[in-house]
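The block underneath contains the structure these notes are about, expressed in structure tokens.
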Amino acid sequence: MGDNVAATADVGGLALAYVETGSGEPLLLLHGAESHKGQHQLLTPHLSSAIRAIAYDQRDVGGSDSATRDYDIADLAADCVGLMDALGLPDAHLAGFSFGGAIALQVALRHPACVRSLVVGATPRSFASPSPFVARALAQPPEERAVLMRDASISPRAQQDERLMAVVGDLLRGRVTTPGSRRSAAITTHDLTAAELASITAPTLLVYGAEDPVVPVAEGRALLAALPDAELSVIDDARHGVALEYPERVAALVSDWVSRHR
């Protein structure tokens, strides 16, 4: 495929917007809860030229259709697989950060034959009970929540980078996960048991920021212990936006991981 192909695909009656770059090993990129496919624009230029990277907007987000009924994370996992089907991909590598990582884990649990390997970043085992930080953020009006999430995601030093902060500002101006929304309810349905984690056989690279207040690195270590085939990479000084602030380092990890699991 050519670079920067933007289109939509019909997935179960919903139009999902996506953009793809490069060619080779298929890699689906899953964005976070209060984000959209543009989250990956700093990452994809640094990926291996042997990777076909496909970033898409989840339902209710960005250029994709809004849902007309309640849904859960199993539905979002099915959307991911449905997009793969629409693109003629029987399987692919999945890379997700925060809520995107939760969806990737759910795809591996529910549709194991569709997953070549996983990259899961800044993701907890469960969103069923929000951490104190997340509960405080969700209780704030959108403008104040955006400031909290900005500081939790990007270090003060990196906030001096105008290009990075323009991307972050665009992400946080999108459709947010407001309390009471269908998307907010779907997030809480990510709640993996020890037995479910033990059944995920896909090779999994875990990428966490050492200074993440939203999903502390202890969550990554817990997943490392629970998953049968996993490796953990901790990036010093990184916060929740690990792939935003350190796109080159994360892209190198992802590229190497995909190459090892072709």
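Following the order of the structure tokens, first chain is A, next is B, and so on, with residues numbered from 1 inside each chain and ligands from 1 in the order they appear.
Excluding Asp60 (chain A) itself and any same-chain residue fewer than 6 positions from it, the protein and nucleic acid residues within 9 Å of it, counting only C-alpha atoms, are Ser66, Ala67, Arg175, Arg182 and Arg183 of chain A.
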Polymer residues at most 10 Å from Leu224 (chain A), only C-alpha atoms, same-chain spacing of 4 or more positions, as a short mmCIF file (atom, residue, chain, number, x, y, z; two decimals) with all heavy atoms, in the first residue's frame:
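Listed below is the output, selection.cif:
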```
data_model
loop_
_atom_site.label_atom_id
_atom_site.label_comp_id
_atom_site.auth_asym_id
_atom_site.auth_seq_id
_atom_site.Cartn_x
_atom_site.Cartn_y
_atom_site.Cartn_z
N LEU A 197 -5.91 -13.67 31.67
CA LEU A 197 -4.57 -13.25 31.27
C LEU A 197 -3.68 -14.47 30.99
O LEU A 197 -2.91 -14.46 30.02
CB LEU A 197 -3.94 -12.39 32.37
CG LEU A 197 -4.52 -10.98 32.51
CD1 LEU A 197 -4.04 -10.33 33.79
CD2 LEU A 197 -4.16 -10.12 31.31
N THR A 204 3.80 -10.80 23.84
CA THR A 204 3.38 -9.45 24.22
C THR A 204 4.55 -8.63 24.74
O THR A 204 5.22 -9.04 25.69
CB THR A 204 2.29 -9.52 25.31
OG1 THR A 204 1.19 -10.31 24.84
CG2 THR A 204 1.77 -8.13 25.64
N LEU A 205 4.77 -7.49 24.11
CA LEU A 205 5.75 -6.52 24.58
C LEU A 205 5.01 -5.48 25.40
O LEU A 205 4.06 -4.85 24.92
CB LEU A 205 6.47 -5.85 23.42
CG LEU A 205 7.42 -4.71 23.79
CD1 LEU A 205 8.59 -5.22 24.63
CD2 LEU A 205 7.91 -3.99 22.54
N LEU A 206 5.42 -5.28 26.64
CA LEU A 206 4.83 -4.30 27.54
C LEU A 206 5.74 -3.08 27.62
O LEU A 206 6.94 -3.22 27.89
CB LEU A 206 4.64 -4.91 28.93
CG LEU A 206 3.80 -6.20 28.97
CD1 LEU A 206 4.02 -6.94 30.28
CD2 LEU A 206 2.33 -5.89 28.76
N ALA A 218 3.99 -0.50 38.00
CA ALA A 218 3.63 -1.71 38.73
C ALA A 218 2.57 -2.52 37.98
O ALA A 218 2.55 -3.75 38.07
CB ALA A 218 3.11 -1.35 40.13
N GLU A 219 1.70 -1.85 37.23
CA GLU A 219 0.71 -2.55 36.42
C GLU A 219 1.40 -3.35 35.31
O GLU A 219 0.97 -4.46 34.98
CB GLU A 219 -0.30 -1.58 35.83
CG GLU A 219 -1.30 -1.02 36.83
CD GLU A 219 -2.35 -2.06 37.23
OE1 GLU A 219 -2.51 -3.08 36.54
OE2 GLU A 219 -3.04 -1.83 38.24
N GLY A 220 2.44 -2.79 34.74
CA GLY A 220 3.19 -3.51 33.72
C GLY A 220 3.86 -4.74 34.30
O GLY A 220 3.89 -5.81 33.66
N PRO A 228 1.64 -15.42 29.77
CA PRO A 228 2.56 -16.54 29.55
C PRO A 228 3.81 -16.19 28.75
O PRO A 228 4.86 -16.80 28.95
CB PRO A 228 1.71 -17.57 28.78
CG PRO A 228 0.30 -17.20 29.06
CD PRO A 228 0.29 -15.72 29.23
N ASP A 229 3.69 -15.22 27.82
CA ASP A 229 4.80 -14.91 26.91
C ASP A 229 4.92 -13.40 26.78
O ASP A 229 4.34 -12.79 25.87
CB ASP A 229 4.55 -15.56 25.54
CG ASP A 229 5.73 -15.41 24.59
OD1 ASP A 229 6.76 -14.84 25.00
OD2 ASP A 229 5.61 -15.86 23.44
N ALA A 230 5.64 -12.78 27.70
CA ALA A 230 5.70 -11.32 27.73
C ALA A 230 7.09 -10.83 28.09
O ALA A 230 7.85 -11.52 28.78
CB ALA A 230 4.68 -10.76 28.72
N GLU A 231 7.39 -9.63 27.60
CA GLU A 231 8.60 -8.91 27.97
C GLU A 231 8.20 -7.50 28.37
O GLU A 231 7.22 -6.95 27.85
CB GLU A 231 9.59 -8.86 26.80
CG GLU A 231 10.12 -10.20 26.37
CD GLU A 231 11.11 -10.10 25.20
OE1 GLU A 231 11.63 -8.99 24.96
OE2 GLU A 231 11.32 -11.12 24.53
N LEU A 232 8.95 -6.90 29.28
CA LEU A 232 8.64 -5.56 29.78
C LEU A 232 9.79 -4.61 29.47
O LEU A 232 10.96 -4.92 29.74
CB LEU A 232 8.40 -5.60 31.30
CG LEU A 232 8.24 -4.24 32.01
CD1 LEU A 232 6.99 -3.52 31.52
CD2 LEU A 232 8.19 -4.44 33.53
#
```
- Message: What parts of region 134-235 of chain A does DSSP call strand (DSSP E or B)? I'd like the answer as a list in words.
- Response: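 Result set for region 134-235 of chain A (strand (DSSP E or B)): Asp191, Thr204, Leu205, Leu206, Val207, Tyr208, Gly209, Ala230, Glu231, Leu232, Ser233, Val234 and Ile235 of chain A.
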Just N, CA and C atoms for this one: save the residues we selected as a PDB file, in the first residue's frame.
```pdb
ATOM      1  N   ASP A 191     -11.776  -5.685  32.371  1.00  0.00           N
ATOM      2  CA  ASP A 191     -11.523  -6.202  33.726  1.00  0.00           C
ATOM      3  C   ASP A 191     -11.064  -7.653  33.595  1.00  0.00           C
ATOM      4  N   THR A 204       3.799 -10.803  23.844  1.00  0.00           N
ATOM      5  CA  THR A 204       3.375  -9.454  24.224  1.00  0.00           C
ATOM      6  C   THR A 204       4.545  -8.634  24.737  1.00  0.00           C
ATOM      7  N   LEU A 205       4.769  -7.493  24.106  1.00  0.00           N
ATOM      8  CA  LEU A 205       5.747  -6.525  24.585  1.00  0.00           C
ATOM      9  C   LEU A 205       5.011  -5.478  25.403  1.00  0.00           C
ATOM     10  N   LEU A 206       5.419  -5.281  26.638  1.00  0.00           N
ATOM     11  CA  LEU A 206       4.825  -4.305  27.541  1.00  0.00           C
ATOM     12  C   LEU A 206       5.737  -3.081  27.620  1.00  0.00           C
ATOM     13  N   VAL A 207       5.181  -1.903  27.372  1.00  0.00           N
ATOM     14  CA  VAL A 207       5.964  -0.663  27.359  1.00  0.00           C
ATOM     15  C   VAL A 207       5.328   0.321  28.341  1.00  0.00           C
ATOM     16  N   TYR A 208       6.083   0.697  29.370  1.00  0.00           N
ATOM     17  CA  TYR A 208       5.534   1.558  30.422  1.00  0.00           C
ATOM     18  C   TYR A 208       6.499   2.678  30.763  1.00  0.00           C
ATOM     19  N   GLY A 209       5.922   3.814  31.166  1.00  0.00           N
ATOM     20  CA  GLY A 209       6.731   4.945  31.605  1.00  0.00           C
ATOM     21  C   GLY A 209       7.014   4.860  33.088  1.00  0.00           C
ATOM     22  N   ALA A 230       5.636 -12.778  27.700  1.00  0.00           N
ATOM     23  CA  ALA A 230       5.697 -11.321  27.728  1.00  0.00           C
ATOM     24  C   ALA A 230       7.086 -10.829  28.087  1.00  0.00           C
ATOM     25  N   GLU A 231       7.389  -9.633  27.601  1.00  0.00           N
ATOM     26  CA  GLU A 231       8.603  -8.909  27.975  1.00  0.00           C
ATOM     27  C   GLU A 231       8.202  -7.496  28.372  1.00  0.00           C
ATOM     28  N   LEU A 232       8.946  -6.898  29.280  1.00  0.00           N
ATOM     29  CA  LEU A 232       8.644  -5.556  29.784  1.00  0.00           C
ATOM     30  C   LEU A 232       9.791  -4.610  29.469  1.00  0.00           C
ATOM     31  N   SER A 233       9.448  -3.457  28.910  1.00  0.00           N
ATOM     32  CA  SER A 233      10.412  -2.389  28.682  1.00  0.00           C
ATOM     33  C   SER A 233       9.919  -1.143  29.406  1.00  0.00           C
ATOM     34  N   VAL A 234      10.732  -0.624  30.324  1.00  0.00           N
ATOM     35  CA  VAL A 234      10.378   0.571  31.091  1.00  0.00           C
ATOM     36  C   VAL A 234      11.219   1.733  30.581  1.00  0.00           C
ATOM     37  N   ILE A 235      10.558   2.825  30.223  1.00  0.00           N
ATOM     38  CA  ILE A 235      11.266   3.999  29.704  1.00  0.00           C
ATOM     39  C   ILE A 235      11.383   5.026  30.819  1.00  0.00           C
TER      40      ILE A 235
END
```
- Query: With only C-alpha atoms as the basis for distance, which of A:Ser199, A:Ser255, A:Ser126, A:Gln160 is at the shortest distance from Ser48 (chain A)?
  - Reply: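 When distances to Ser48 (chain A) are compared using only C-alpha atoms, the smallest one comes from A:Ser255.
Take the candidates A:Leu42, A:Val217, A:Ile54, A:Leu172 and check each one against Leu94 (chain A) using only C-alpha atoms; the shortest distance goes to A:Ile54.
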Please identify all polymer residues within 8 Å of Pro124 (chain A), counting only C-alpha atoms, omitting same-chain residues fewer than 3 positions from it, and present them as a short mmCIF file (atom, residue, chain, number, x, y, z; two decimals) with C-alpha atoms, in the first residue's frame.
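File produced: selection10.cif:
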```cif
data_model
loop_
_atom_site.label_atom_id
_atom_site.label_comp_id
_atom_site.auth_asym_id
_atom_site.auth_seq_id
_atom_site.Cartn_x
_atom_site.Cartn_y
_atom_site.Cartn_z
CA SER A 98 -3.72 2.98 27.54
CA ALA A 102 -6.86 -2.82 26.80
CA PHE A 127 -10.45 -0.17 34.32
CA VAL A 215 -1.05 3.66 35.01
CA GLU A 219 0.71 -2.55 36.42
CA GLY A 220 3.19 -3.51 33.72
CA LEU A 223 0.94 -8.11 33.50
#
```
- Item | Pick from A:Gln58, A:Ser155, A:Ser131, A:Ser259 nearest to Ala238 (chain A), counting only C-alpha atoms |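 The answer is A:Ser155, which sits nearest to Ala238 (chain A).
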- Task: Would you list the contacts of Thr8 (chain A) as a ChimeraX atom specification, taking every protein, DNA or RNA residue within 9 Å and counting only C-alpha atoms, but skipping same-chain residues closer than 5 positions in sequence?
- Result: /A:15-19,56,63-64
Emit the selected residues as a CSV table (one decimal), in the first residue's frame, including C-alpha atoms.
```
chain,number,residue,atom,x,y,z
A,15,ALA,CA,-17.9,3.4,9.2
A,16,LEU,CA,-14.5,3.3,10.8
A,17,ALA,CA,-12.0,5.9,9.6
A,18,TYR,CA,-8.4,4.8,9.2
A,19,VAL,CA,-5.1,5.9,7.8
A,56,TYR,CA,-8.0,3.9,13.1
A,63,GLY,CA,-13.9,10.4,11.8
A,64,SER,CA,-15.7,7.1,12.7
```
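Each of A:Arg59, A:His93, A:His261, A:His40 was compared to Pro112 (chain A) using only C-alpha atoms, and A:His93 turns out to be the nearest.
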- Task: Using only C-alpha atoms, find the one residue out of A:Thr193, A:Gly121, A:Ala50, A:Ala128 that sits nearest to Ala210 (chain A).
- Result: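 Closest to Ala210 (chain A) of all the choices is A:Gly121.
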- Item | Contact residues around Leu27 (chain A) with only C-alpha atoms at 9 Å, ignoring same-chain residues under 4 positions, as a list in words |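 So the residues in contact are Ile51, Arg52, Ala53, Ile54, Ala55, Ala92, His93, Leu94, Ala95 and Val258 of chain A.
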Would you mind exporting all heavy atoms of the selected residues as a PDB file, in the first residue's frame?
```
ATOM      1  N   ILE A  51       6.997  -2.349   7.799  1.00  0.00           N
ATOM      2  CA  ILE A  51       5.732  -2.403   8.540  1.00  0.00           C
ATOM      3  C   ILE A  51       4.658  -1.603   7.818  1.00  0.00           C
ATOM      4  O   ILE A  51       4.889  -0.466   7.390  1.00  0.00           O
ATOM      5  CB  ILE A  51       5.910  -1.853   9.971  1.00  0.00           C
ATOM      6  CG1 ILE A  51       6.731  -2.833  10.818  1.00  0.00           C
ATOM      7  CG2 ILE A  51       4.557  -1.582  10.639  1.00  0.00           C
ATOM      8  CD1 ILE A  51       7.028  -2.334  12.216  1.00  0.00           C
ATOM      9  N   ARG A  52       3.498  -2.199   7.657  1.00  0.00           N
ATOM     10  CA  ARG A  52       2.303  -1.509   7.166  1.00  0.00           C
ATOM     11  C   ARG A  52       1.491  -1.108   8.393  1.00  0.00           C
ATOM     12  O   ARG A  52       0.834  -1.932   9.020  1.00  0.00           O
ATOM     13  CB  ARG A  52       1.484  -2.428   6.257  1.00  0.00           C
ATOM     14  CG  ARG A  52       0.154  -1.843   5.791  1.00  0.00           C
ATOM     15  CD  ARG A  52      -0.642  -2.911   5.036  1.00  0.00           C
ATOM     16  NE  ARG A  52      -1.976  -2.449   4.674  1.00  0.00           N
ATOM     17  CZ  ARG A  52      -2.928  -3.229   4.161  1.00  0.00           C
ATOM     18  NH1 ARG A  52      -2.676  -4.527   3.964  1.00  0.00           N
ATOM     19  NH2 ARG A  52      -4.106  -2.726   3.852  1.00  0.00           N
ATOM     20  N   ALA A  53       1.560   0.154   8.770  1.00  0.00           N
ATOM     21  CA  ALA A  53       0.918   0.648   9.986  1.00  0.00           C
ATOM     22  C   ALA A  53      -0.463   1.188   9.660  1.00  0.00           C
ATOM     23  O   ALA A  53      -0.623   2.038   8.775  1.00  0.00           O
ATOM     24  CB  ALA A  53       1.769   1.730  10.630  1.00  0.00           C
ATOM     25  N   ILE A  54      -1.463   0.717  10.391  1.00  0.00           N
ATOM     26  CA  ILE A  54      -2.857   1.097  10.169  1.00  0.00           C
ATOM     27  C   ILE A  54      -3.406   1.648  11.478  1.00  0.00           C
ATOM     28  O   ILE A  54      -3.580   0.916  12.453  1.00  0.00           O
ATOM     29  CB  ILE A  54      -3.695  -0.110   9.709  1.00  0.00           C
ATOM     30  CG1 ILE A  54      -3.103  -0.726   8.443  1.00  0.00           C
ATOM     31  CG2 ILE A  54      -5.156   0.300   9.490  1.00  0.00           C
ATOM     32  CD1 ILE A  54      -3.533  -2.160   8.196  1.00  0.00           C
ATOM     33  N   ALA A  55      -3.646   2.956  11.513  1.00  0.00           N
ATOM     34  CA  ALA A  55      -4.226   3.601  12.695  1.00  0.00           C
ATOM     35  C   ALA A  55      -5.680   3.936  12.394  1.00  0.00           C
ATOM     36  O   ALA A  55      -5.986   4.475  11.327  1.00  0.00           O
ATOM     37  CB  ALA A  55      -3.460   4.872  13.039  1.00  0.00           C
ATOM     38  N   ALA A  92      -2.825  -9.957  12.282  1.00  0.00           N
ATOM     39  CA  ALA A  92      -1.961  -8.770  12.283  1.00  0.00           C
ATOM     40  C   ALA A  92      -1.323  -8.630  13.651  1.00  0.00           C
ATOM     41  O   ALA A  92      -1.716  -9.274  14.627  1.00  0.00           O
ATOM     42  CB  ALA A  92      -2.769  -7.518  11.948  1.00  0.00           C
ATOM     43  N   HIS A  93      -0.320  -7.778  13.722  1.00  0.00           N
ATOM     44  CA  HIS A  93       0.239  -7.341  14.992  1.00  0.00           C
ATOM     45  C   HIS A  93      -0.647  -6.197  15.499  1.00  0.00           C
ATOM     46  O   HIS A  93      -1.175  -5.402  14.715  1.00  0.00           O
ATOM     47  CB  HIS A  93       1.669  -6.846  14.822  1.00  0.00           C
ATOM     48  CG  HIS A  93       2.574  -7.818  14.146  1.00  0.00           C
ATOM     49  ND1 HIS A  93       3.246  -8.809  14.824  1.00  0.00           N
ATOM     50  CD2 HIS A  93       2.915  -7.964  12.831  1.00  0.00           C
ATOM     51  CE1 HIS A  93       3.969  -9.517  13.969  1.00  0.00           C
ATOM     52  NE2 HIS A  93       3.774  -9.033  12.755  1.00  0.00           N
ATOM     53  N   LEU A  94      -0.807  -6.093  16.808  1.00  0.00           N
ATOM     54  CA  LEU A  94      -1.595  -5.020  17.404  1.00  0.00           C
ATOM     55  C   LEU A  94      -0.732  -4.252  18.395  1.00  0.00           C
ATOM     56  O   LEU A  94      -0.023  -4.860  19.202  1.00  0.00           O
ATOM     57  CB  LEU A  94      -2.810  -5.569  18.147  1.00  0.00           C
ATOM     58  CG  LEU A  94      -3.790  -6.476  17.392  1.00  0.00           C
ATOM     59  CD1 LEU A  94      -4.941  -6.876  18.309  1.00  0.00           C
ATOM     60  CD2 LEU A  94      -4.301  -5.807  16.149  1.00  0.00           C
ATOM     61  N   ALA A  95      -0.803  -2.929  18.321  1.00  0.00           N
ATOM     62  CA  ALA A  95      -0.110  -2.082  19.293  1.00  0.00           C
ATOM     63  C   ALA A  95      -1.099  -1.070  19.830  1.00  0.00           C
ATOM     64  O   ALA A  95      -1.688  -0.293  19.058  1.00  0.00           O
ATOM     65  CB  ALA A  95       1.082  -1.373  18.652  1.00  0.00           C
ATOM     66  N   VAL A 258       8.066  -6.536  16.092  1.00  0.00           N
ATOM     67  CA  VAL A 258       7.370  -7.043  14.913  1.00  0.00           C
ATOM     68  C   VAL A 258       8.319  -7.895  14.071  1.00  0.00           C
ATOM     69  O   VAL A 258       7.945  -8.961  13.570  1.00  0.00           O
ATOM     70  CB  VAL A 258       6.780  -5.889  14.082  1.00  0.00           C
ATOM     71  CG1 VAL A 258       6.302  -6.357  12.714  1.00  0.00           C
ATOM     72  CG2 VAL A 258       5.625  -5.217  14.847  1.00  0.00           C
TER      73      VAL A 258
END
```
So that I can check the surroundings of Gly32 (chain A), please list as a compact mmCIF listing (two decimals) with C-alpha atoms, in the first residue's frame every protein, DNA and RNA residue that reaches within 8 Å of it, counting only C-alpha atoms and ignoring chain neighbours fewer than 3 positions away.
```txt
# COMPACT_ATOMS: atom_id res chain seq x y z
CA SER A 35 -7.64 10.38 21.82
CA HIS A 36 -7.99 9.47 18.15
CA GLY A 96 -2.25 -0.16 21.75
CA PHE A 97 -1.57 2.40 24.45
CA SER A 98 -3.72 2.98 27.54
CA PHE A 99 -7.31 2.06 26.57
CA GLY A 100 -5.98 1.00 23.17
CA GLY A 101 -3.80 -1.54 24.94
```
I need the alpha helix (DSSP H) residues of region 81-178 of chain A per DSSP on the backbone, written as a PDB file with C-alpha atoms, in the first residue's frame.
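The result, stored in result-v1.pdb:
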```pdb
ATOM      1  CA  VAL A  81     -11.179  -7.692  13.994  1.00  0.00           C
ATOM      2  CA  GLY A  82     -13.899  -6.428  11.665  1.00  0.00           C
ATOM      3  CA  LEU A  83     -11.562  -3.763  10.314  1.00  0.00           C
ATOM      4  CA  MET A  84      -8.929  -6.433   9.709  1.00  0.00           C
ATOM      5  CA  ASP A  85     -11.520  -8.453   7.786  1.00  0.00           C
ATOM      6  CA  ALA A  86     -12.488  -5.404   5.733  1.00  0.00           C
ATOM      7  CA  PHE A  99      -7.306   2.062  26.570  1.00  0.00           C
ATOM      8  CA  GLY A 100      -5.976   0.998  23.170  1.00  0.00           C
ATOM      9  CA  GLY A 101      -3.801  -1.542  24.944  1.00  0.00           C
ATOM     10  CA  ALA A 102      -6.856  -2.820  26.797  1.00  0.00           C
ATOM     11  CA  ILE A 103      -8.642  -3.387  23.482  1.00  0.00           C
ATOM     12  CA  ALA A 104      -5.558  -5.163  22.097  1.00  0.00           C
ATOM     13  CA  LEU A 105      -5.526  -7.522  25.081  1.00  0.00           C
ATOM     14  CA  GLN A 106      -9.221  -8.199  24.597  1.00  0.00           C
ATOM     15  CA  VAL A 107      -8.676  -9.038  20.914  1.00  0.00           C
ATOM     16  CA  ALA A 108      -5.938 -11.494  21.906  1.00  0.00           C
ATOM     17  CA  LEU A 109      -8.254 -13.049  24.501  1.00  0.00           C
ATOM     18  CA  ARG A 110     -11.378 -13.297  22.338  1.00  0.00           C
ATOM     19  CA  PRO A 132      -7.587   7.827  42.433  1.00  0.00           C
ATOM     20  CA  PHE A 133      -5.919   9.883  39.699  1.00  0.00           C
ATOM     21  CA  VAL A 134      -8.362   8.756  36.988  1.00  0.00           C
ATOM     22  CA  ALA A 135     -11.378   9.254  39.277  1.00  0.00           C
ATOM     23  CA  ARG A 136     -10.213  12.793  40.030  1.00  0.00           C
ATOM     24  CA  ALA A 137      -9.647  13.534  36.332  1.00  0.00           C
ATOM     25  CA  LEU A 138     -13.054  12.209  35.258  1.00  0.00           C
ATOM     26  CA  PRO A 142     -13.340  18.939  30.111  1.00  0.00           C
ATOM     27  CA  GLU A 143     -10.993  21.954  30.194  1.00  0.00           C
ATOM     28  CA  GLU A 144      -9.586  21.142  33.616  1.00  0.00           C
ATOM     29  CA  ARG A 145      -9.387  17.452  32.775  1.00  0.00           C
ATOM     30  CA  ALA A 146      -7.356  18.311  29.682  1.00  0.00           C
ATOM     31  CA  VAL A 147      -4.783  20.144  31.837  1.00  0.00           C
ATOM     32  CA  LEU A 148      -4.560  17.238  34.291  1.00  0.00           C
ATOM     33  CA  MET A 149      -4.094  14.706  31.494  1.00  0.00           C
ATOM     34  CA  ARG A 150      -1.536  16.884  29.718  1.00  0.00           C
ATOM     35  CA  ASP A 151       0.644  17.088  32.814  1.00  0.00           C
ATOM     36  CA  ALA A 152       0.186  13.390  33.562  1.00  0.00           C
ATOM     37  CA  SER A 153       1.121  12.449  29.999  1.00  0.00           C
ATOM     38  CA  GLU A 162       5.777  23.178  20.251  1.00  0.00           C
ATOM     39  CA  ARG A 163       5.147  20.441  17.700  1.00  0.00           C
ATOM     40  CA  LEU A 164       4.507  17.813  20.367  1.00  0.00           C
ATOM     41  CA  MET A 165       2.166  20.078  22.299  1.00  0.00           C
ATOM     42  CA  ALA A 166       0.243  20.945  19.133  1.00  0.00           C
ATOM     43  CA  VAL A 167      -0.424  17.220  18.667  1.00  0.00           C
ATOM     44  CA  VAL A 168      -1.386  16.804  22.333  1.00  0.00           C
ATOM     45  CA  GLY A 169      -3.681  19.820  22.161  1.00  0.00           C
ATOM     46  CA  ASP A 170      -5.423  18.408  19.106  1.00  0.00           C
ATOM     47  CA  LEU A 171      -5.931  15.061  20.833  1.00  0.00           C
ATOM     48  CA  LEU A 172      -7.394  16.625  23.955  1.00  0.00           C
TER      49      LEU A 172
END
```
- Message: Between A:Pro213, A:Leu14, A:Arg262, A:Ser129, which residue has the minimum interatomic distance to Arg69 (chain A), considering only C-alpha atoms?
- Response: A:Leu14
- Task: Give me, please, the distance in Å between CA of Glu25 (chain A) and CA of Asp79 (chain A), quoted to one decimal.
- Result: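 Straight-line distance from CA of Glu25 (chain A) to CA of Asp79 (chain A) works out to 20.2 Å.
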